[in-house]
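Enquirer: Here you go, this is start-v3.tsv (TSV, C-alpha atoms).
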```tsv
chain	number	residue	atom	x	y	z
A	1	MET	CA	-9.24	11.15	11.67
A	2	LYS	CA	-6.61	8.69	12.86
A	3	ILE	CA	-4.56	6.47	10.59
A	4	GLY	CA	-2.20	3.71	11.61
A	5	PHE	CA	0.27	1.32	10.04
A	6	VAL	CA	1.87	-1.99	10.94
A	7	GLN	CA	5.53	-2.65	10.16
A	8	ASN	CA	6.08	-6.41	10.48
A	9	ASN	CA	8.63	-9.16	9.75
A	10	PRO	CA	6.65	-12.14	8.42
A	11	LEU	CA	7.89	-15.72	8.47
A	12	PHE	CA	7.80	-16.89	4.87
A	13	GLY	CA	4.85	-19.10	4.03
A	14	ASP	CA	3.32	-19.16	7.53
A	15	ILE	CA	0.05	-17.42	6.71
A	16	GLU	CA	-1.80	-18.39	9.88
A	17	ASN	CA	0.97	-17.26	12.23
A	18	ASN	CA	1.71	-14.02	10.39
A	19	LEU	CA	-1.98	-13.19	10.27
A	20	ALA	CA	-2.48	-14.01	13.94
A	21	GLN	CA	0.37	-11.70	14.95
A	22	VAL	CA	-1.09	-8.77	13.05
A	23	LEU	CA	-4.62	-9.46	14.31
A	24	GLY	CA	-3.33	-9.58	17.87
A	25	VAL	CA	-1.47	-6.30	17.55
A	26	LEU	CA	-4.35	-4.41	15.96
A	27	ALA	CA	-6.89	-5.71	18.48
A	28	GLU	CA	-5.19	-3.40	21.00
A	29	GLU	CA	-5.08	-0.33	18.73
A	30	SER	CA	-7.62	2.32	17.73
A	31	ALA	CA	-7.77	4.21	14.43
A	32	ASP	CA	-10.15	4.92	11.57
A	33	LEU	CA	-7.84	3.35	8.98
A	34	PHE	CA	-4.97	0.87	9.28
A	35	VAL	CA	-2.51	0.01	6.51
A	36	LEU	CA	-0.61	-3.30	6.48
A	37	PRO	CA	2.41	-4.20	4.33
A	38	GLU	CA	2.46	-5.83	0.91
A	39	LEU	CA	2.18	-9.64	1.11
A	40	PHE	CA	2.03	-9.32	4.89
A	41	THR	CA	0.87	-12.90	5.50
A	42	THR	CA	3.16	-14.79	3.11
A	43	GLY	CA	6.49	-13.05	2.78
A	44	TYR	CA	7.83	-11.82	-0.53
A	45	GLN	CA	10.48	-13.93	-2.28
A	46	PHE	CA	8.78	-16.82	-4.06
A	47	ILE	CA	10.97	-19.44	-5.70
A	48	ASN	CA	8.51	-19.90	-8.54
A	49	ARG	CA	4.95	-19.26	-9.62
A	50	GLU	CA	3.75	-22.64	-8.37
A	51	GLU	CA	4.86	-21.81	-4.84
A	52	ALA	CA	2.98	-18.52	-4.92
A	53	LEU	CA	-0.12	-20.26	-6.25
A	54	GLU	CA	-0.07	-22.65	-3.28
A	55	LEU	CA	-0.12	-19.67	-0.89
A	56	ALA	CA	-2.64	-17.62	-2.86
A	57	GLU	CA	-6.11	-16.82	-1.53
A	58	THR	CA	-9.36	-15.81	-3.11
A	59	VAL	CA	-10.94	-12.43	-2.38
A	60	PRO	CA	-13.21	-11.84	-0.56
A	61	ASP	CA	-13.92	-15.33	0.75
A	62	GLY	CA	-10.35	-16.33	1.64
A	63	LEU	CA	-8.91	-16.66	5.15
A	64	THR	CA	-7.09	-13.33	5.25
A	65	THR	CA	-9.97	-11.25	3.92
A	66	GLN	CA	-12.51	-12.84	6.23
A	67	SER	CA	-10.18	-12.55	9.24
A	68	LEU	CA	-9.59	-8.86	8.56
A	69	ILE	CA	-13.33	-8.28	8.17
A	70	SER	CA	-13.92	-9.80	11.61
A	71	LEU	CA	-11.18	-7.63	13.09
A	72	ALA	CA	-12.52	-4.51	11.35
A	73	LYS	CA	-15.92	-5.12	12.94
A	74	ASN	CA	-14.38	-5.59	16.38
A	75	ILE	CA	-12.22	-2.45	16.31
A	76	ASN	CA	-14.55	-0.37	14.08
A	77	ALA	CA	-11.86	0.45	11.53
A	78	VAL	CA	-11.10	0.18	7.83
A	79	ILE	CA	-8.08	-2.04	7.05
A	80	VAL	CA	-5.93	-2.22	3.91
A	81	GLY	CA	-3.39	-5.03	3.46
A	82	GLY	CA	-1.50	-6.92	0.77
A	83	ILE	CA	-1.89	-10.60	-0.14
A	84	VAL	CA	-1.31	-13.09	-2.94
A	85	GLU	CA	-4.66	-13.23	-4.70
A	86	ARG	CA	-5.91	-16.09	-6.85
A	87	GLU	CA	-8.48	-15.64	-9.62
A	88	GLY	CA	-8.85	-19.01	-11.31
A	89	ASP	CA	-5.36	-19.91	-12.51
A	90	ALA	CA	-4.16	-16.30	-12.38
A	91	ILE	CA	-2.34	-14.88	-9.37
A	92	TYR	CA	-1.91	-11.23	-8.46
A	93	ASN	CA	-0.01	-9.15	-5.96
A	94	SER	CA	-3.09	-7.50	-4.50
A	95	ALA	CA	-4.29	-5.14	-1.80
A	96	LEU	CA	-7.70	-5.49	-0.23
A	97	MET	CA	-9.80	-3.03	1.75
A	98	VAL	CA	-12.32	-4.11	4.38
A	99	GLY	CA	-14.33	-2.30	7.01
A	100	PRO	CA	-16.80	-2.81	9.84
A	101	TYR	CA	-19.52	-3.68	7.31
A	102	GLY	CA	-17.46	-6.11	5.25
A	103	PHE	CA	-15.46	-6.16	2.04
A	104	ILE	CA	-14.98	-2.76	0.37
A	105	GLY	CA	-12.69	-3.33	-2.60
A	106	LYS	CA	-9.38	-4.55	-3.96
A	107	TYR	CA	-6.52	-3.42	-6.16
A	108	GLN	CA	-4.11	-5.60	-8.16
A	109	LYS	CA	-0.57	-4.23	-8.48
A	110	ALA	CA	-0.10	-2.59	-11.86
A	111	HIS	CA	3.68	-2.12	-11.92
A	112	LEU	CA	5.48	-5.36	-11.13
A	113	PHE	CA	9.04	-5.14	-9.81
A	114	ASP	CA	11.90	-7.29	-11.08
A	115	THR	CA	11.25	-11.04	-10.55
A	116	GLU	CA	7.60	-10.37	-9.67
A	117	LYS	CA	7.09	-10.53	-13.43
A	118	GLN	CA	7.83	-14.26	-13.32
A	119	ILE	CA	5.32	-14.80	-10.49
A	120	PHE	CA	2.32	-12.51	-10.93
A	121	GLN	CA	0.08	-11.24	-13.68
A	122	PRO	CA	-0.02	-7.44	-14.05
A	123	GLY	CA	-3.10	-6.07	-12.35
A	124	THR	CA	-6.30	-5.45	-14.27
A	125	THR	CA	-8.27	-3.52	-11.63
A	126	PRO	CA	-8.74	0.22	-12.14
A	127	LEU	CA	-7.16	2.78	-9.85
A	128	ALA	CA	-10.24	3.32	-7.71
A	129	VAL	CA	-11.08	5.58	-4.78
A	130	PHE	CA	-13.32	4.39	-1.96
A	131	ASP	CA	-15.31	6.68	0.33
A	132	ILE	CA	-14.96	5.31	3.87
A	133	GLY	CA	-16.95	8.12	5.46
A	134	CYS	CA	-14.21	10.14	7.12
A	135	ALA	CA	-12.02	10.15	4.01
A	136	ARG	CA	-11.68	9.03	0.40
A	137	VAL	CA	-8.99	6.37	0.09
A	138	GLY	CA	-7.11	4.94	-2.88
A	139	MET	CA	-4.65	2.04	-2.95
A	140	MET	CA	-1.32	1.45	-4.61
A	141	ILE	CA	1.31	-1.22	-3.93
A	142	CYS	CA	5.07	-0.82	-3.44
A	143	PHE	CA	6.76	-0.23	-6.85
A	144	ASP	CA	3.71	1.71	-8.06
A	145	TRP	CA	5.39	4.63	-6.25
A	146	ARG	CA	7.97	4.90	-9.03
A	147	PHE	CA	5.28	5.86	-11.55
A	148	PRO	CA	3.85	9.30	-10.73
A	149	GLU	CA	0.78	8.58	-12.84
A	150	THR	CA	-0.42	6.19	-10.14
A	151	ALA	CA	-0.70	8.75	-7.36
A	152	ARG	CA	-1.85	11.47	-9.77
A	153	THR	CA	-4.70	9.35	-11.09
A	154	LEU	CA	-5.91	8.54	-7.58
A	155	ALA	CA	-5.66	12.19	-6.55
A	156	LEU	CA	-7.59	13.37	-9.62
A	157	LYS	CA	-10.26	10.81	-8.76
A	158	GLY	CA	-10.67	12.47	-5.38
A	159	ALA	CA	-8.42	10.53	-3.00
A	160	ASP	CA	-7.57	12.27	0.27
A	161	ILE	CA	-5.29	9.41	1.31
A	162	ILE	CA	-3.36	6.76	-0.57
A	163	ALA	CA	-2.87	3.53	1.37
A	164	HIS	CA	0.45	2.09	0.23
A	165	PRO	CA	1.29	-1.47	1.28
A	166	ALA	CA	4.95	-2.11	0.45
A	167	ASN	CA	7.97	-4.41	0.72
A	168	LEU	CA	10.60	-1.80	-0.04
A	169	VAL	CA	14.13	-2.52	-1.18
A	170	LEU	CA	14.81	0.69	-3.15
A	171	LYS	CA	16.14	3.42	-0.87
A	172	HIS	CA	14.51	6.38	-2.59
A	173	CYS	CA	10.89	5.54	-1.86
A	174	PRO	CA	10.41	7.21	1.55
A	175	ASP	CA	11.62	10.56	0.25
A	176	ALA	CA	9.85	10.13	-3.10
A	177	MET	CA	6.57	9.90	-1.19
A	178	ILE	CA	7.16	13.44	0.02
A	179	THR	CA	7.20	14.55	-3.60
A	180	ARG	CA	4.09	12.53	-4.44
A	181	CYS	CA	2.22	14.24	-1.60
A	182	LEU	CA	3.40	17.69	-2.69
A	183	GLU	CA	2.48	17.00	-6.32
A	184	ASN	CA	-1.05	15.97	-5.44
A	185	GLY	CA	-1.93	17.62	-2.14
A	186	ILE	CA	-2.73	14.30	-0.46
A	187	PHE	CA	-1.72	12.09	2.45
A	188	ILE	CA	0.16	8.86	1.79
A	189	ALA	CA	0.50	6.11	4.39
A	190	THR	CA	3.20	3.58	3.48
A	191	ALA	CA	3.27	0.32	5.46
A	192	ASP	CA	6.54	-1.50	4.87
A	193	ARG	CA	8.14	-4.61	6.37
A	194	VAL	CA	11.55	-5.27	7.92
A	195	GLY	CA	13.93	-8.25	7.90
A	196	GLN	CA	15.47	-10.08	4.98
A	197	GLU	CA	14.89	-13.07	2.72
A	198	GLU	CA	17.30	-15.15	0.66
A	199	ARG	CA	15.22	-18.06	-0.48
A	200	ILE	CA	16.93	-17.92	-3.87
A	201	PRO	CA	20.71	-18.38	-3.39
A	202	GLY	CA	22.63	-15.21	-4.15
A	203	GLN	CA	19.51	-13.04	-4.26
A	204	ARG	CA	19.30	-11.66	-0.74
A	205	LEU	CA	16.60	-9.05	-0.18
A	206	LYS	CA	16.89	-6.67	2.75
A	207	PHE	CA	13.68	-4.79	3.46
A	208	MET	CA	14.14	-1.23	4.62
A	209	GLY	CA	11.32	-0.46	7.02
A	210	GLN	CA	10.69	3.29	7.32
A	211	SER	CA	6.93	2.95	7.15
A	212	GLN	CA	5.54	6.46	7.29
A	213	VAL	CA	2.67	8.90	7.02
A	214	VAL	CA	3.27	12.02	4.91
A	215	ALA	CA	1.03	15.09	4.78
A	216	PRO	CA	-0.05	17.13	1.73
A	217	SER	CA	2.50	19.74	2.79
A	218	GLY	CA	5.29	17.18	2.44
A	219	GLU	CA	5.75	16.98	6.20
A	220	VAL	CA	6.64	13.49	7.42
A	221	LEU	CA	4.21	13.08	10.30
A	222	TYR	CA	5.98	9.92	11.43
A	223	ARG	CA	8.64	7.61	9.99
A	224	ALA	CA	9.40	4.22	11.54
A	225	SER	CA	12.79	2.60	12.05
A	226	LEU	CA	14.86	0.71	9.50
A	227	ASP	CA	14.75	-2.66	11.22
A	228	GLN	CA	12.17	-2.92	14.01
A	229	GLU	CA	8.61	-4.18	13.97
A	230	GLU	CA	6.27	-1.37	14.93
A	231	VAL	CA	2.70	-0.09	15.06
A	232	LYS	CA	1.98	3.63	14.92
A	233	VAL	CA	-1.18	5.74	14.85
A	234	VAL	CA	-1.16	9.42	13.84
A	235	GLU	CA	-3.89	12.04	13.57
A	236	LEU	CA	-4.71	13.73	10.26
A	237	ASP	CA	-6.60	16.85	9.24
A	238	ILE	CA	-8.37	15.60	6.12
A	239	ALA	CA	-9.43	19.17	5.21
A	240	SER	CA	-5.82	19.89	4.27
A	241	ALA	CA	-6.05	17.31	1.47
A	242	ARG	CA	-9.21	18.86	0.04
A	243	ASP	CA	-7.94	22.41	-0.35
A	244	LYS	CA	-5.68	22.42	-3.40
A	245	ARG	CA	-4.98	26.16	-3.25
A	246	LEU	CA	-1.30	26.95	-2.88
A	247	ASN	CA	-1.91	30.69	-2.55
A	248	PRO	CA	-4.61	33.13	-3.72
A	249	ASN	CA	-3.44	32.78	-7.32
A	250	ASN	CA	-2.48	29.11	-7.68
A	251	HIS	CA	-4.52	25.93	-7.52
A	252	LEU	CA	-2.70	22.60	-7.74
A	253	PHE	CA	-5.15	21.00	-10.16
A	254	ALA	CA	-6.80	23.97	-11.88
A	255	ASP	CA	-3.40	25.29	-12.99
A	256	ARG	CA	-2.44	22.12	-14.83
A	257	ARG	CA	-1.77	22.76	-18.54
A	258	GLU	CA	-3.35	19.67	-20.01
A	259	ASP	CA	-3.19	21.28	-23.46
A	260	LEU	CA	0.62	21.01	-23.29
A	261	TYR	CA	0.86	17.53	-21.79
A	262	ARG	CA	-0.26	15.60	-24.85
A	263	LEU	CA	2.33	13.47	-26.62
A	264	ASN	CA	0.95	14.10	-30.10
```
So, in terms of structure tokens, how does the structure I just supplied come out?
Expert:
Amino acid sequence: MKIGFVQNNPLFGDIENNLAQVLGVLAEESADLFVLPELFTTGYQFINREEALELAETVPDGLTTQSLISLAKNINAVIVGGIVEREGDAIYNSALMVGPYGFIGKYQKAHLFDTEKQIFQPGTTPLAVFDIGCARVGMMICFDWRFPETARTLALKGADIIAHPANLVLKHCPDAMITRCLENGIFIATADRVGQEERIPGQRLKFMGQSQVVAPSGEVLYRASLDQEEVKVVELDIASARDKRLNPNNHLFADRREDLYRLN
């Protein structure tokens, strides 16, 4: 199968323009699965919760979800991307998954980073895996990478690929994804953004790019630049994520010693 990512530089708060740019880029591309960054239509650094609530959308009937569904039908692809989601008065840092036949599922970020805790509620959705036909795909968002339980849970639930929308500012993530893939025998596609924001004086955020696709072997199939917008499509052999044998005597999951992992 083919998987692609978009690395963009959104203009804060301009949902329609940011969405239109991504839709225009993907209309010219071909892949089975595309991954878009975290909060790709809004930007990241909200001054307060009220500002985020004004930019939040409902799922699946909001503008971004419906626009991505239309695009997915036109290019015959599954698309994962991050938005500010509203559920009543609650707002979440969420990822949604859509395909040629409509809305597939969503995931609300479980591990909130730094000032996100003043903006969003911690996610309540389970770590779910969705069968898109050519692969089984799970979702996590940005800082979830720092908690190995996230990727492990998705892998144990059968994920071949983790779609990872991100707005990265911590330098270790790209290399940590190599470890996550080795630990679990899966592919991970991280879609990050570039540029910077300093909407709160003295709190400048510089996003680090380096969107990438990593194989179960730990090989980085492609890593994007630090500072340029980019779209990339790479080809995957999904069978390599379904064979957890390391050699004739070792199996990545069967060899786990769950009897020793308990805390009490």
Enquirer: Need to verify the contact set: A:Gly195, 10 Å, all atoms listed in the file, exclusion of same-chain residues closer than 6 positions in sequence. Can you return it as an NGL selection string?
Expert: :A and (8-11 or 205-209 or 226-229)
Enquirer: Could you jot down the atom CA of A:Glu85 to atom CA of A:Thr58 separation for me, Å, one decimal place?
Expert: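 About the pair atom CA of A:Glu85 and atom CA of A:Thr58: they are 5.6 Å apart.
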Enquirer: With distances taken over all atoms listed in the file, which residue among A:Ala72, A:Ile119, A:Cys181, A:Ile200 lies nearest A:Met97?
Expert: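 Closest candidate: A:Ala72.
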Enquirer: Hey, which of A:Val234, A:Ala135, A:Cys142, A:Ala90 ends up closest to A:Pro122? Count all atoms listed in the file.
Expert: A:Ala90
Enquirer: Please, which residues are within 12 Å of (-2.0, -11.6, 14.3) by the file's coordinates, counting only C-alpha atoms, and could they come as a PyMOL selection string?
Expert: chain A and resi 6+8-10+14-28+36+40-41+64+67-68+71
Enquirer: So for stretch 17-36 of chain A, what box centre and size do we get, axis-aligned, 6 Å extra on each of the six sides, every listed atom, Å to one decimal, as AutoDock Vina command-line options?
Expert:
```
--center_x -4.2 --center_y -6.2 --center_z 13.7 --size_x 23.9 --size_y 34.2 --size_z 26.5
```
Enquirer: (-12.6, -2.0, 2.7) in this file's frame - what residues fall within 10 Å of it? Use all atoms listed in the file and give the answer as a list of chain:residue names.
Expert: A:Leu33, A:Thr65, A:Leu68, A:Ile69, A:Ala72, A:Ala77, A:Val78, A:Ile79, A:Val80, A:Gly81, A:Ala95, A:Leu96, A:Met97, A:Val98, A:Gly99, A:Pro100, A:Tyr101, A:Gly102, A:Phe103, A:Ile104, A:Gly105, A:Lys106, A:Phe130, A:Asp131, A:Ile132, A:Val137
Enquirer: Export C-alpha atoms of the chosen residues as a short mmCIF file (atom, residue, chain, number, x, y, z; two decimals), in the frame of the given file?
Expert:
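Full text of out.cif as output:
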```
data_model
loop_
_atom_site.label_atom_id
_atom_site.label_comp_id
_atom_site.auth_asym_id
_atom_site.auth_seq_id
_atom_site.Cartn_x
_atom_site.Cartn_y
_atom_site.Cartn_z
CA LEU A 33 -7.84 3.35 8.98
CA THR A 65 -9.97 -11.25 3.92
CA LEU A 68 -9.59 -8.86 8.56
CA ILE A 69 -13.33 -8.28 8.17
CA ALA A 72 -12.52 -4.51 11.35
CA ALA A 77 -11.86 0.45 11.53
CA VAL A 78 -11.10 0.18 7.83
CA ILE A 79 -8.08 -2.04 7.05
CA VAL A 80 -5.93 -2.22 3.91
CA GLY A 81 -3.39 -5.03 3.46
CA ALA A 95 -4.29 -5.14 -1.80
CA LEU A 96 -7.70 -5.49 -0.23
CA MET A 97 -9.80 -3.03 1.75
CA VAL A 98 -12.32 -4.11 4.38
CA GLY A 99 -14.33 -2.30 7.01
CA PRO A 100 -16.80 -2.81 9.84
CA TYR A 101 -19.52 -3.68 7.31
CA GLY A 102 -17.46 -6.11 5.25
CA PHE A 103 -15.46 -6.16 2.04
CA ILE A 104 -14.98 -2.76 0.37
CA GLY A 105 -12.69 -3.33 -2.60
CA LYS A 106 -9.38 -4.55 -3.96
CA PHE A 130 -13.32 4.39 -1.96
CA ASP A 131 -15.31 6.68 0.33
CA ILE A 132 -14.96 5.31 3.87
CA VAL A 137 -8.99 6.37 0.09
#
```
Enquirer: Write out as number ranges by chain each polymer residue whose atoms come within 10 Å of A:Phe253, counting all atoms listed in the file; drop sequence neighbours fewer than 2 positions from it.
Expert: A: 155-156, 183-185, 244-245, 250-251, 255-257
Enquirer: Counting all atoms listed in the file, which residues of stretch 5-117 of chain A sit at most 8 Å from some atom of stretch 187-190 of chain A, and what is each one's closest atom pair with its distance in Å to one decimal, listed by chain and rising residue number, as JSON lines?
Expert:
```
{"residue": "A:Phe5", "atom": "CA", "partner": "A:Ala189", "partner_atom": "CA", "distance": 7.4}
{"residue": "A:Val35", "atom": "CA", "partner": "A:Ala189", "partner_atom": "CA", "distance": 7.1}
{"residue": "A:Pro37", "atom": "CA", "partner": "A:Thr190", "partner_atom": "CA", "distance": 7.9}
```
Enquirer: Env of A:Leu127: 9 Å cut, atoms = all atoms listed in the file, seq-sep filter 5 positions within chain, self excluded. Answer as a list in words.
Expert: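 Result of the neighbour search: Tyr107, Gly138, Met139, Met140, Thr150, Thr153, Leu154 and Lys157 of chain A.
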Enquirer: Of the residues A:Ala191, A:Val214, A:Leu260, A:Leu246, which is the one nearest to A:Val231, using all atoms listed in the file?
Expert: A:Ala191
Enquirer: Could you tell me how far atom CA of A:Val84 sits from atom CA of A:Ala110, in Å to one decimal place?
Expert: 13.8 Å
Enquirer: Between A:Asp114, A:Gly4, A:Phe34, A:Phe120, which has the minimum distance to A:Ala56 (counting only C-alpha atoms)?
Expert: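 For A:Ala56, the nearest of the candidates is A:Phe120.
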Enquirer: Separation of atom CA of A:Ala31 and atom CA of A:Ile3, in Å?
Expert: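 Computing it gives 5.5 Å between the two atoms.
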